[in-house]
>>> print(open('final_21.cif').read())   # mmCIF, C-alpha atoms
data_work
loop_
_atom_site.label_atom_id
_atom_site.label_comp_id
_atom_site.auth_asym_id
_atom_site.auth_seq_id
_atom_site.Cartn_x
_atom_site.Cartn_y
_atom_site.Cartn_z
CA MET V 1 -33.95 -9.58 40.28
CA HIS V 2 -30.61 -11.15 41.09
CA SER V 3 -27.77 -8.88 40.19
CA PRO V 4 -24.54 -10.83 39.52
CA LYS V 5 -21.22 -9.59 40.82
CA PRO V 6 -18.94 -8.16 38.15
CA ASN V 7 -16.90 -10.98 36.73
CA PRO V 8 -13.31 -9.95 36.00
CA GLU V 9 -13.03 -12.55 33.23
CA THR V 10 -16.13 -11.25 31.48
CA ARG V 11 -14.89 -7.73 31.82
CA SER V 12 -11.54 -8.54 30.24
CA SER V 13 -13.14 -10.48 27.39
CA ASP V 14 -15.36 -7.48 26.65
CA ASP V 15 -12.19 -5.51 26.17
CA TRP V 16 -11.09 -7.54 23.16
CA PRO V 17 -9.66 -4.50 21.35
CA SER V 18 -7.07 -4.11 24.11
CA GLU V 19 -6.28 -7.80 23.84
CA LEU V 20 -5.83 -7.51 20.06
CA TYR V 21 -3.55 -4.51 20.55
CA ARG V 22 -1.45 -6.49 23.04
CA ILE V 23 -1.21 -9.47 20.68
CA LEU V 24 -0.28 -7.36 17.66
CA LYS V 25 2.36 -5.48 19.65
CA ALA V 26 3.74 -8.81 20.90
CA ALA V 27 3.89 -9.92 17.24
CA ASP V 28 6.09 -6.86 16.57
CA VAL V 29 3.62 -5.07 14.29
CA GLN V 30 5.13 -1.67 13.47
CA GLN V 31 2.71 -0.36 10.83
CA MET V 32 -1.10 -0.20 10.93
CA SER V 33 -3.37 1.12 8.20
CA TYR V 34 -7.12 1.47 8.17
CA VAL V 35 -10.34 2.71 6.73
CA PRO V 36 -12.38 3.29 9.87
CA ASP V 37 -15.17 1.15 11.21
CA ALA V 38 -16.99 1.74 14.48
CA GLY V 39 -16.02 -1.79 15.53
CA HIS V 40 -12.33 -0.95 15.11
CA SER V 41 -12.49 2.46 16.79
CA GLN V 42 -10.76 1.50 20.03
CA LEU V 43 -7.97 -0.38 18.27
CA ILE V 44 -7.47 2.59 15.91
CA ARG V 45 -7.22 4.94 18.91
CA MET V 46 -4.68 2.70 20.65
CA PHE V 47 -2.43 2.38 17.59
CA SER V 48 -2.73 6.06 16.75
CA ALA V 49 -1.47 6.94 20.23
CA ASP V 50 1.50 4.57 19.86
CA ARG V 51 4.57 6.45 18.65
CA ASP V 52 6.35 3.20 17.82
CA VAL V 53 3.76 2.31 15.18
CA ALA V 54 3.31 4.16 11.87
CA THR V 55 -0.44 4.57 11.40
CA ASN V 56 -1.92 5.38 7.97
CA VAL V 57 -5.50 6.43 7.33
CA LEU V 58 -6.43 5.28 3.81
CA THR V 59 -8.76 6.64 1.15
CA THR V 60 -9.57 3.09 0.01
CA GLU V 61 -8.71 -0.24 1.57
CA GLU V 62 -6.54 -1.57 -1.27
CA GLU V 63 -3.91 1.02 -0.39
CA GLY V 64 -3.25 -0.90 2.81
CA ILE V 65 -2.40 -4.07 0.87
CA ALA V 66 0.35 -2.18 -0.97
CA ILE V 67 1.61 -0.48 2.21
CA ALA V 68 1.83 -3.89 3.94
CA ALA V 69 3.96 -5.25 1.07
CA GLY V 70 6.25 -2.22 1.20
CA ALA V 71 6.58 -2.53 4.97
CA TRP V 72 7.64 -6.17 4.59
CA LEU V 73 10.19 -5.30 1.89
CA GLY V 74 11.64 -2.88 4.42
CA GLY V 75 11.66 -5.42 7.25
CA GLN V 76 8.50 -4.44 9.14
CA ARG V 77 5.20 -6.15 9.91
CA SER V 78 1.93 -4.40 9.13
CA VAL V 79 -1.73 -4.97 9.98
CA LEU V 80 -4.73 -3.67 8.02
CA LEU V 81 -8.14 -2.86 9.53
CA MET V 82 -11.34 -2.49 7.52
CA GLN V 83 -15.01 -3.40 7.44
CA SER V 84 -16.48 -6.00 5.12
CA SER V 85 -17.57 -3.46 2.49
CA GLY V 86 -13.89 -2.61 2.03
CA VAL V 87 -12.92 -6.14 1.05
CA GLY V 88 -14.47 -5.58 -2.36
CA ASN V 89 -12.11 -2.66 -2.94
CA CYS V 90 -9.05 -4.86 -2.38
CA ILE V 91 -9.37 -7.74 -4.78
CA ASN V 92 -6.93 -6.92 -7.59
CA MET V 93 -4.35 -5.45 -5.20
CA LEU V 94 -4.40 -8.77 -3.33
CA SER V 95 -2.63 -10.21 -6.40
CA LEU V 96 0.48 -8.56 -4.96
CA SER V 97 0.28 -10.42 -1.65
CA ALA V 98 -0.65 -13.68 -3.35
CA ILE V 99 1.98 -13.74 -6.11
CA GLY V 100 4.74 -12.29 -3.92
CA ARG V 101 3.83 -14.47 -0.93
CA PHE V 102 3.88 -11.36 1.24
CA PRO V 103 2.78 -11.83 4.85
CA LEU V 104 -0.62 -10.18 5.21
CA LEU V 105 -2.96 -9.83 8.18
CA ILE V 106 -6.32 -8.12 7.68
CA LEU V 107 -8.89 -7.72 10.46
CA VAL V 108 -12.35 -7.32 8.94
CA THR V 109 -15.34 -6.23 10.99
CA MET V 110 -18.47 -7.72 9.43
CA ARG V 111 -21.52 -5.68 8.49
CA GLY V 112 -24.69 -6.86 6.86
CA GLU V 113 -25.07 -10.18 8.65
CA TRP V 114 -26.50 -9.65 12.16
CA ALA V 115 -29.13 -7.10 13.23
CA GLU V 116 -28.12 -4.94 10.28
CA PHE V 117 -30.31 -1.90 9.64
CA ASN V 118 -28.68 -0.92 6.31
CA PRO V 119 -29.58 -3.25 3.44
CA TRP V 120 -26.78 -1.78 1.30
CA GLN V 121 -24.29 -3.60 3.53
CA VAL V 122 -25.77 -7.01 2.76
CA PRO V 123 -24.48 -7.84 -0.76
CA MET V 124 -20.80 -7.20 0.04
CA SER V 125 -21.23 -8.98 3.36
CA ARG V 126 -22.36 -12.06 1.45
CA ALA V 127 -19.43 -11.73 -0.99
CA THR V 128 -16.72 -11.09 1.62
CA GLN V 129 -15.53 -14.61 2.40
CA PRO V 130 -15.96 -16.10 -1.12
CA SER V 131 -14.12 -13.23 -2.79
CA LEU V 132 -11.23 -13.34 -0.32
CA GLU V 133 -10.92 -17.08 -0.83
CA ALA V 134 -11.17 -16.71 -4.60
CA ILE V 135 -8.07 -14.46 -4.67
CA GLY V 136 -6.20 -16.89 -2.43
CA LEU V 137 -6.51 -15.66 1.14
CA LYS V 138 -7.07 -17.91 4.10
CA VAL V 139 -10.20 -16.76 5.94
CA MET V 140 -10.63 -17.26 9.68
CA ARG V 141 -13.72 -16.21 11.60
CA ALA V 142 -14.58 -15.43 15.22
CA GLU V 143 -17.97 -14.94 16.87
CA THR V 144 -16.92 -14.50 20.50
CA ALA V 145 -14.33 -12.30 22.16
CA GLU V 146 -12.38 -15.28 23.52
CA ASP V 147 -12.31 -16.95 20.13
CA LEU V 148 -11.30 -13.72 18.43
CA VAL V 149 -8.27 -13.16 20.63
CA GLU V 150 -7.05 -16.71 20.07
CA THR V 151 -7.78 -16.52 16.33
CA VAL V 152 -5.85 -13.29 15.82
CA GLU V 153 -2.90 -14.66 17.77
CA SER V 154 -2.82 -17.72 15.54
CA ALA V 155 -3.41 -15.66 12.38
CA ALA V 156 -0.49 -13.36 13.25
CA SER V 157 1.83 -16.38 13.52
CA LEU V 158 0.60 -17.81 10.25
CA ALA V 159 0.98 -14.50 8.46
CA TYR V 160 4.33 -13.28 9.76
CA GLU V 161 6.08 -16.58 10.47
CA SER V 162 4.71 -18.66 7.60
CA ASP V 163 4.30 -15.99 4.91
CA GLN V 164 0.54 -16.51 4.64
CA GLN V 165 -2.18 -14.07 3.60
CA ILE V 166 -4.92 -14.10 6.24
CA ALA V 167 -8.19 -12.27 6.78
CA VAL V 168 -9.85 -12.60 10.19
CA LEU V 169 -13.57 -11.88 9.95
CA ILE V 170 -15.01 -10.45 13.17
CA GLY V 171 -18.68 -11.41 13.35
CA GLN V 172 -21.17 -8.55 13.59
CA ARG V 173 -22.81 -10.40 16.47
CA LEU V 174 -19.63 -9.85 18.48
CA ILE V 175 -19.39 -6.15 17.66
CA GLY V 176 -23.01 -5.50 18.48
CA LYS V 177 -25.74 -3.47 16.93
CA LYS V 178 -24.79 -0.06 15.60
CA LYS V 179 -26.26 2.59 17.87
CA TRP V 180 -27.99 5.63 16.37
CA MET E 1 -9.11 21.59 -20.31
CA SER E 2 -6.50 22.11 -23.01
CA MET E 3 -4.22 19.44 -24.43
CA SER E 4 -0.66 19.55 -23.11
CA VAL E 5 2.21 20.21 -25.54
CA PRO E 6 3.89 16.89 -26.46
CA SER E 7 7.34 16.40 -24.96
CA GLN E 8 10.40 15.44 -27.04
CA LEU E 9 12.15 13.68 -24.15
CA ASP E 10 13.10 9.99 -24.51
CA ARG E 11 11.89 8.01 -21.48
CA ARG E 12 14.93 5.71 -21.31
CA ALA E 13 17.33 8.65 -21.42
CA ALA E 14 15.30 10.35 -18.69
CA VAL E 15 15.29 7.30 -16.38
CA ALA E 16 19.01 6.67 -17.00
CA ALA E 17 19.80 10.27 -16.04
CA LEU E 18 17.54 10.09 -12.99
CA LEU E 19 19.23 6.95 -11.64
CA LYS E 20 22.81 7.62 -12.73
CA ASN E 21 24.03 8.20 -9.17
CA ARG E 22 21.29 6.38 -7.26
CA LYS E 23 23.68 5.21 -4.49
CA ASP E 24 21.59 3.25 -1.97
CA THR E 25 18.19 4.53 -3.13
CA LEU E 26 15.51 1.85 -3.06
CA VAL E 27 13.26 1.82 -6.13
CA VAL E 28 9.76 0.45 -6.69
CA SER E 29 8.55 0.51 -10.30
CA GLY E 30 4.96 0.58 -11.54
CA LEU E 31 3.75 -2.03 -14.00
CA GLY E 32 4.39 -1.66 -17.71
CA SER E 33 6.98 0.67 -19.16
CA PRO E 34 8.39 2.05 -15.86
CA THR E 35 9.33 -1.52 -14.87
CA TYR E 36 11.08 -2.00 -18.24
CA ASP E 37 12.72 1.44 -17.95
CA LEU E 38 14.08 0.65 -14.49
CA HIS E 39 15.44 -2.70 -15.63
CA SER E 40 16.99 -1.15 -18.77
CA VAL E 41 19.26 0.99 -16.58
CA GLY E 42 20.62 -2.20 -14.99
CA ASP E 43 19.16 -4.79 -12.66
CA HIS E 44 19.71 -4.00 -8.96
CA ASP E 45 19.00 -5.84 -5.72
CA GLY E 46 17.35 -2.67 -4.39
CA ASN E 47 14.71 -2.72 -7.14
CA PHE E 48 11.19 -4.07 -6.69
CA TYR E 49 9.46 -4.43 -10.06
CA LEU E 50 5.68 -4.57 -10.35
CA TRP E 51 4.01 -6.56 -13.13
CA GLY E 52 0.52 -5.98 -11.73
CA ALA E 53 -1.11 -4.44 -8.64
CA MET E 54 -1.88 -1.31 -10.68
CA GLY E 55 -2.09 1.75 -8.47
CA GLY E 56 0.16 0.28 -5.79
CA ALA E 57 3.67 1.52 -6.62
CA ALA E 58 3.66 4.75 -4.60
CA LEU E 59 1.96 3.02 -1.64
CA ILE E 60 4.49 0.17 -1.60
CA GLY E 61 6.96 3.04 -1.53
CA LEU E 62 5.18 4.50 1.50
CA GLY E 63 5.30 1.25 3.50
CA LEU E 64 8.95 0.84 2.55
CA ALA E 65 9.82 4.44 3.40
CA GLN E 66 8.19 4.09 6.81
CA ALA E 67 10.13 0.88 7.47
CA GLN E 68 13.45 2.33 6.24
CA PRO E 69 13.49 5.98 7.36
CA GLY E 70 17.25 6.17 6.86
CA LYS E 71 17.09 5.33 3.15
CA ARG E 72 15.71 7.27 0.21
CA VAL E 73 12.83 5.53 -1.55
CA LEU E 74 11.78 6.24 -5.13
CA ALA E 75 8.49 5.13 -6.64
CA LEU E 76 9.03 5.22 -10.41
CA THR E 77 5.73 4.90 -12.17
CA GLY E 78 3.60 5.91 -15.13
CA ASP E 79 0.70 8.28 -15.52
CA GLY E 80 -1.90 5.52 -15.85
CA GLU E 81 -0.59 3.66 -12.80
CA GLN E 82 -0.53 6.78 -10.63
CA LEU E 83 -3.97 7.85 -11.81
CA MET E 84 -5.37 4.50 -10.65
CA GLY E 85 -3.80 5.07 -7.23
CA ILE E 86 -4.71 8.75 -7.09
CA GLY E 87 -6.28 8.52 -3.63
CA GLY E 88 -2.92 7.27 -2.41
CA LEU E 89 -1.53 10.77 -2.92
CA ALA E 90 -3.85 11.93 -0.13
CA THR E 91 -2.72 9.03 2.08
CA ILE E 92 0.96 9.80 1.39
CA GLY E 93 0.41 13.53 1.95
CA VAL E 94 -1.08 12.82 5.38
CA ALA E 95 1.62 10.27 6.27
CA CYS E 96 4.26 12.82 5.21
CA PRO E 97 7.31 10.57 4.82
CA ARG E 98 10.50 12.61 4.40
CA ASN E 99 12.26 9.93 2.36
CA LEU E 100 9.76 9.15 -0.40
CA ASP E 101 9.82 10.59 -3.91
CA ILE E 102 7.34 9.72 -6.63
CA VAL E 103 8.51 10.20 -10.20
CA VAL E 104 5.84 9.79 -12.87
CA ILE E 105 7.17 9.01 -16.34
CA ASP E 106 4.27 10.66 -18.13
CA ASN E 107 3.69 9.81 -21.80
CA GLN E 108 0.05 10.88 -21.43
CA HIS E 109 -1.09 7.51 -22.74
CA PHE E 110 -1.84 3.95 -21.67
CA GLY E 111 1.20 2.59 -23.50
CA GLU E 112 0.73 -1.12 -22.76
CA THR E 113 -2.75 -1.38 -24.15
CA GLY E 114 -2.65 0.45 -27.48
CA MET E 115 -1.65 4.01 -26.63
CA GLN E 116 -5.06 5.31 -25.66
CA ALA E 117 -4.84 8.89 -24.36
CA SER E 118 -4.84 9.16 -20.56
CA HIS E 119 -6.16 11.91 -18.31
CA THR E 120 -2.79 13.65 -18.06
CA GLY E 121 -2.89 14.38 -21.80
CA ARG E 122 -6.31 15.89 -21.35
CA GLY E 123 -5.40 18.47 -18.74
CA VAL E 124 -5.21 16.56 -15.44
CA ASP E 125 -2.12 17.75 -13.54
CA LEU E 126 -0.74 15.22 -11.04
CA THR E 127 1.66 17.80 -9.58
CA ALA E 128 -1.24 20.11 -8.69
CA ILE E 129 -3.05 17.19 -7.04
CA ALA E 130 0.07 16.26 -5.07
CA ALA E 131 0.60 19.88 -4.01
CA ALA E 132 -3.01 20.04 -2.81
CA CYS E 133 -2.35 16.84 -0.82
CA GLY E 134 0.47 18.57 1.06
CA PHE E 135 3.54 17.29 -0.80
CA ALA E 136 6.71 19.20 0.08
CA ALA E 137 7.76 19.75 -3.55
CA THR E 138 6.39 19.09 -7.01
CA ALA E 139 7.51 19.95 -10.55
CA THR E 140 6.95 19.08 -14.19
CA LEU E 141 10.06 18.42 -16.29
CA ARG E 142 10.42 18.32 -20.07
CA THR E 143 14.17 18.25 -20.82
CA LEU E 144 17.15 16.04 -20.04
CA GLU E 145 18.90 18.95 -18.33
CA GLU E 146 15.95 19.36 -15.98
CA VAL E 147 16.06 15.63 -15.18
CA GLN E 148 19.80 15.85 -14.43
CA SER E 149 19.09 18.68 -11.96
CA LEU E 150 16.28 16.63 -10.44
CA ALA E 151 18.64 13.68 -9.89
CA ALA E 152 20.83 15.93 -7.75
CA GLN E 153 17.82 17.44 -5.98
CA ILE E 154 16.24 14.13 -4.93
CA ALA E 155 19.51 12.93 -3.43
CA GLU E 156 19.08 15.69 -0.82
CA PRO E 157 16.83 15.40 2.27
CA ALA E 158 13.27 16.68 2.03
CA ASP E 159 10.67 18.04 4.44
CA GLY E 160 8.05 15.64 3.13
CA PRO E 161 7.04 13.56 0.11
CA ARG E 162 7.81 14.95 -3.33
CA LEU E 163 6.23 14.22 -6.71
CA PHE E 164 7.80 14.98 -10.06
CA VAL E 165 6.25 14.46 -13.48
CA ILE E 166 8.65 13.88 -16.37
CA LYS E 167 6.85 14.42 -19.67
CA VAL E 168 8.20 12.00 -22.31
CA VAL E 169 7.53 10.98 -25.91
CA ALA E 170 4.68 8.49 -26.25
CA GLU E 171 6.48 5.48 -27.70
CA ASN E 172 7.34 1.96 -26.57
CA PRO E 173 11.09 1.32 -26.66
CA PRO E 174 12.25 -2.33 -26.85
CA ARG E 175 11.19 -4.10 -23.66
CA SER E 176 13.81 -4.81 -21.02
CA LEU E 177 12.31 -7.53 -18.91
CA PRO E 178 13.17 -8.21 -15.26
CA SER E 179 12.16 -11.43 -13.51
CA ARG E 180 8.43 -11.88 -13.13
CA ASP E 181 9.01 -14.06 -10.03
CA ALA E 182 7.85 -11.72 -7.27
CA VAL E 183 8.97 -14.07 -4.47
CA PHE E 184 12.51 -14.09 -5.86
CA ILE E 185 12.58 -10.30 -6.29
CA LYS E 186 11.10 -9.82 -2.80
CA ASN E 187 13.63 -12.09 -1.10
CA ARG E 188 16.51 -10.56 -3.06
CA PHE E 189 15.37 -7.08 -2.04
CA ARG E 190 15.10 -8.05 1.64
CA ALA E 191 18.48 -9.78 1.57
CA HIS E 192 19.92 -6.54 0.15
CA LEU E 193 18.67 -4.80 3.31
CA GLY E 194 20.06 -7.54 5.54
CA PHE E 195 16.93 -9.58 6.18
CA ALA E 196 17.12 -13.35 5.86
CA ALA E 197 14.66 -15.12 3.59
CA ALA E 198 11.93 -16.80 5.64
#
>>> encode(input="final_21.cif", output="structure tokens")
Amino acid sequence: MHSPKPNPETRSSDDWPSELYRILKAADVQQMSYVPDAGHSQLIRMFSADRDVATNVLTTEEEGIAIAAGAWLGGQRSVLLMQSSGVGNCINMLSLSAIGRFPLLILVTMRGEWAEFNPWQVPMSRATQPSLEAIGLKVMRAETAEDLVETVESAASLAYESDQQIAVLIGQRLIGKKKW
Amino acid sequence: MSMSVPSQLDRRAAVAALLKNRKDTLVVSGLGSPTYDLHSVGDHDGNFYLWGAMGGAALIGLGLAQAQPGKRVLALTGDGEQLMGIGGLATIGVACPRNLDIVVIDNQHFGETGMQASHTGRGVDLTAIAAACGFAATATLRTLEEVQSLAAQIAEPADGPRLFVIKVVAENPPRSLPSRDAVFIKNRFRAHLGFAAA
């Protein structure tokens, strides 16, 4: 069977977490908060090792909405990482971002939509985009690494330069099947 | 769990004593009475008043404290508001900001909704929870003299976050209403710190 040569472009696109880290640093993000997801693990490691960024592990995702508002009051930009199940925990706290027009950037790794083994992930997966839109967020979605990098770059501008509240949904197809 | 002894302390007198010499302390107030209490002392550009986002006051304080390490940040909230954000005490304990104090004005009731008894009147001790989360100092206060000492104490640097519960009489004093326009309050607050409105 023909074995293709390693393609540098493919290799770099596979490393989308490094690209997201580079983009968020270029956007001057100085605070990051998260409830972990396997799909975010590399980005969490990179931020946690960065002494110029305050990193907060949360007990529930809505805490990150409040931290992001406080960061902005104090002159800093914040990003929040979670998986789709966490979106449901955030809804009332998103009133703060919506009514105060606080810049907000959330990166959501999707579960329950592509080769999902856990049926309990499916209902919140289905509710993720409609509930975010119902509380007033703009939802952007990416299914490929190239699209994701471009989407997050654009979302960061919209959030921090235009005071918008944005969730970027990262398709489960892009993250891949959870390995057991 | 046993019922706590009711306090005789007036909440407005307590908050006035706490903030008498606030200097450049930044204050975030939780929805309901703490927001009215904060405003009753006098409106201030370094105040951010919540009218919603229940459970968020201390965590807004955390984001602010991390962004402004050179300034003292006070989250002034109520027992019901802090109980809703109780997991945030673990998050703040881990983050360990040295410039964040949480003061809970604790009337042991949900005062905005008909004075139903809250958990703190039924034995739940927020100071014990904060201590278990690694807070650098915690205390429960019941008199004006204790609050006056606290005001001096929280002006001093700390080794980590601190949480103080001030037990007060369960009553609703006349409301003192700040602006409900969060964009205005946000931009005023940021301008106070030298940031231009977007």
>>> residues_around(input="final_21.cif", residues="stretch 104-119 of chain V", least_positions_apart="3", cutoff="6 Å", atoms="all atoms listed in the file", output="PyMOL selection string")
chain V and resi 79-84+122+125+159+165-173
>>> write_last_selection(input="final_21.cif", atoms="C-alpha atoms", output="PDB file, keeping the file's coordinate frame")
ATOM      1  CA  VAL V  79      -1.730  -4.970   9.980  1.00  0.00           C
ATOM      2  CA  LEU V  80      -4.730  -3.670   8.020  1.00  0.00           C
ATOM      3  CA  LEU V  81      -8.140  -2.860   9.530  1.00  0.00           C
ATOM      4  CA  MET V  82     -11.340  -2.490   7.520  1.00  0.00           C
ATOM      5  CA  GLN V  83     -15.010  -3.400   7.440  1.00  0.00           C
ATOM      6  CA  SER V  84     -16.480  -6.000   5.120  1.00  0.00           C
ATOM      7  CA  VAL V 122     -25.770  -7.010   2.760  1.00  0.00           C
ATOM      8  CA  SER V 125     -21.230  -8.980   3.360  1.00  0.00           C
ATOM      9  CA  ALA V 159       0.980 -14.500   8.460  1.00  0.00           C
ATOM     10  CA  GLN V 165      -2.180 -14.070   3.600  1.00  0.00           C
ATOM     11  CA  ILE V 166      -4.920 -14.100   6.240  1.00  0.00           C
ATOM     12  CA  ALA V 167      -8.190 -12.270   6.780  1.00  0.00           C
ATOM     13  CA  VAL V 168      -9.850 -12.600  10.190  1.00  0.00           C
ATOM     14  CA  LEU V 169     -13.570 -11.880   9.950  1.00  0.00           C
ATOM     15  CA  ILE V 170     -15.010 -10.450  13.170  1.00  0.00           C
ATOM     16  CA  GLY V 171     -18.680 -11.410  13.350  1.00  0.00           C
ATOM     17  CA  GLN V 172     -21.170  -8.550  13.590  1.00  0.00           C
ATOM     18  CA  ARG V 173     -22.810 -10.400  16.470  1.00  0.00           C
TER      19      ARG V 173
END
>>> residues_around(input="final_21.cif", residues="stretch 32-49 of chain E", least_positions_apart="6", cutoff="7 Å", atoms="all atoms listed in the file", output="PyMOL selection string")
chain E and resi 12+15-16+26+76-78+112+175-178+185-186+188-189+192
>>> interface_residues(input="final_21.cif", of="chain V", to="chain E", cutoff="7 Å", atoms="only C-alpha atoms", output="ChimeraX atom specification")
/V:56-59,63,66-71,73-76,92-93,95-96,99-101
>>> closest_residue(input="final_21.cif", among="V:Gly64, V:Pro103, V:Gly176, V:Pro130", to="V:Ala156", atoms="all atoms listed in the file")
V:Pro103
>>> residues_around(input="final_21.cif", residues="V:Ile135", least_positions_apart="5", cutoff="8 Å", atoms="only C-alpha atoms", output="PyMOL selection string")
chain V and resi 91+94-95+98
>>> atom_distance(input="final_21.cif", atom1="atom CA of V:Leu132", atom2="atom CA of V:Leu158")
16.5 Å
>>> residues_around(input="final_21.cif", residues="stretch 102-106 of chain E", least_positions_apart="6", cutoff="7 Å", atoms="all atoms listed in the file", output="PDB file with C-alpha atoms, in the frame of the given file")
ATOM      1  CA  ALA E  58       3.660   4.750  -4.600  1.00  0.00           C
ATOM      2  CA  LEU E  74      11.780   6.240  -5.130  1.00  0.00           C
ATOM      3  CA  ALA E  75       8.490   5.130  -6.640  1.00  0.00           C
ATOM      4  CA  LEU E  76       9.030   5.220 -10.410  1.00  0.00           C
ATOM      5  CA  THR E  77       5.730   4.900 -12.170  1.00  0.00           C
ATOM      6  CA  GLY E  78       3.600   5.910 -15.130  1.00  0.00           C
ATOM      7  CA  ASP E  79       0.700   8.280 -15.520  1.00  0.00           C
ATOM      8  CA  ARG E 162       7.810  14.950  -3.330  1.00  0.00           C
ATOM      9  CA  LEU E 163       6.230  14.220  -6.710  1.00  0.00           C
ATOM     10  CA  PHE E 164       7.800  14.980 -10.060  1.00  0.00           C
ATOM     11  CA  VAL E 165       6.250  14.460 -13.480  1.00  0.00           C
ATOM     12  CA  ILE E 166       8.650  13.880 -16.370  1.00  0.00           C
ATOM     13  CA  LYS E 167       6.850  14.420 -19.670  1.00  0.00           C
ATOM     14  CA  VAL E 168       8.200  12.000 -22.310  1.00  0.00           C
TER      15      VAL E 168
END
>>> atom_distance(input="final_21.cif", atom1="atom CA of V:Phe47", atom2="atom CA of V:Arg126")
29.4 Å
>>> resolve_selection(input="final_21.cif", expression="the PyMOL selection byres ((chain E and resi 137) around 12)", output="NGL selection string")
:E and (93 or 96 or 98 or 100-103 or 127-136 or 138-140 or 150 or 153-154 or 157-165)
>>> residues_around(input="final_21.cif", residues="stretch 50-55 of chain V", least_positions_apart="6", cutoff="8 Å", atoms="all atoms listed in the file", output="tab-separated table (two decimals) with C-alpha atoms, in the coordinates of the input")
chain	number	residue	atom	x	y	z
V	29	VAL	CA	3.62	-5.07	14.29
V	30	GLN	CA	5.13	-1.67	13.47
V	31	GLN	CA	2.71	-0.36	10.83
V	32	MET	CA	-1.10	-0.20	10.93
V	33	SER	CA	-3.37	1.12	8.20
E	66	GLN	CA	8.19	4.09	6.81
E	95	ALA	CA	1.62	10.27	6.27
>>> atom_distance(input="final_21.cif", atom1="atom CA of V:Ala38", atom2="atom CA of V:Glu133")
25.0 Å
>>> axis_aligned_box(input="final_21.cif", around="stretch 73-88 of chain V", padding_each_side="4 Å", output="AutoDock Vina command-line options")
--center_x -3.0 --center_y -4.3 --center_z 3.8 --size_x 37.2 --size_y 11.7 --size_z 20.3
>>> resolve_selection(input="final_21.cif", expression="the PyMOL selection byres ((chain V and resi 17) around 12)", output="short mmCIF file (atom, residue, chain, number, x, y, z; two decimals) with C-alpha atoms, in the coordinates of the input")
data_model
loop_
_atom_site.label_atom_id
_atom_site.label_comp_id
_atom_site.auth_asym_id
_atom_site.auth_seq_id
_atom_site.Cartn_x
_atom_site.Cartn_y
_atom_site.Cartn_z
CA SER V 12 -11.54 -8.54 30.24
CA SER V 13 -13.14 -10.48 27.39
CA ASP V 14 -15.36 -7.48 26.65
CA ASP V 15 -12.19 -5.51 26.17
CA TRP V 16 -11.09 -7.54 23.16
CA SER V 18 -7.07 -4.11 24.11
CA GLU V 19 -6.28 -7.80 23.84
CA LEU V 20 -5.83 -7.51 20.06
CA TYR V 21 -3.55 -4.51 20.55
CA ARG V 22 -1.45 -6.49 23.04
CA ILE V 23 -1.21 -9.47 20.68
CA LEU V 24 -0.28 -7.36 17.66
CA ALA V 38 -16.99 1.74 14.48
CA GLY V 39 -16.02 -1.79 15.53
CA HIS V 40 -12.33 -0.95 15.11
CA SER V 41 -12.49 2.46 16.79
CA GLN V 42 -10.76 1.50 20.03
CA LEU V 43 -7.97 -0.38 18.27
CA ILE V 44 -7.47 2.59 15.91
CA ARG V 45 -7.22 4.94 18.91
CA MET V 46 -4.68 2.70 20.65
CA PHE V 47 -2.43 2.38 17.59
CA LEU V 107 -8.89 -7.72 10.46
CA THR V 109 -15.34 -6.23 10.99
CA ALA V 145 -14.33 -12.30 22.16
CA GLU V 146 -12.38 -15.28 23.52
CA LEU V 148 -11.30 -13.72 18.43
CA VAL V 149 -8.27 -13.16 20.63
CA VAL V 152 -5.85 -13.29 15.82
CA ILE V 170 -15.01 -10.45 13.17
CA LEU V 174 -19.63 -9.85 18.48
CA ILE V 175 -19.39 -6.15 17.66
#
>>> resolve_selection(input="final_21.cif", expression="the PyMOL selection byres ((chain E and resi 152) around 12)", output="list in words")
Ala17, Leu18, Leu19, Lys20, Asn21, Arg22, Lys23, Glu145, Glu146, Val147, Gln148, Ser149, Leu150, Ala151, Gln153, Ile154, Ala155, Glu156 and Pro157 of chain E
>>> write_last_selection(input="final_21.cif", atoms="C-alpha atoms", output="PDB file, keeping the file's coordinate frame")
ATOM      1  CA  ALA E  17      19.800  10.270 -16.040  1.00  0.00           C
ATOM      2  CA  LEU E  18      17.540  10.090 -12.990  1.00  0.00           C
ATOM      3  CA  LEU E  19      19.230   6.950 -11.640  1.00  0.00           C
ATOM      4  CA  LYS E  20      22.810   7.620 -12.730  1.00  0.00           C
ATOM      5  CA  ASN E  21      24.030   8.200  -9.170  1.00  0.00           C
ATOM      6  CA  ARG E  22      21.290   6.380  -7.260  1.00  0.00           C
ATOM      7  CA  LYS E  23      23.680   5.210  -4.490  1.00  0.00           C
ATOM      8  CA  GLU E 145      18.900  18.950 -18.330  1.00  0.00           C
ATOM      9  CA  GLU E 146      15.950  19.360 -15.980  1.00  0.00           C
ATOM     10  CA  VAL E 147      16.060  15.630 -15.180  1.00  0.00           C
ATOM     11  CA  GLN E 148      19.800  15.850 -14.430  1.00  0.00           C
ATOM     12  CA  SER E 149      19.090  18.680 -11.960  1.00  0.00           C
ATOM     13  CA  LEU E 150      16.280  16.630 -10.440  1.00  0.00           C
ATOM     14  CA  ALA E 151      18.640  13.680  -9.890  1.00  0.00           C
ATOM     15  CA  GLN E 153      17.820  17.440  -5.980  1.00  0.00           C
ATOM     16  CA  ILE E 154      16.240  14.130  -4.930  1.00  0.00           C
ATOM     17  CA  ALA E 155      19.510  12.930  -3.430  1.00  0.00           C
ATOM     18  CA  GLU E 156      19.080  15.690  -0.820  1.00  0.00           C
ATOM     19  CA  PRO E 157      16.830  15.400   2.270  1.00  0.00           C
TER      20      PRO E 157
END
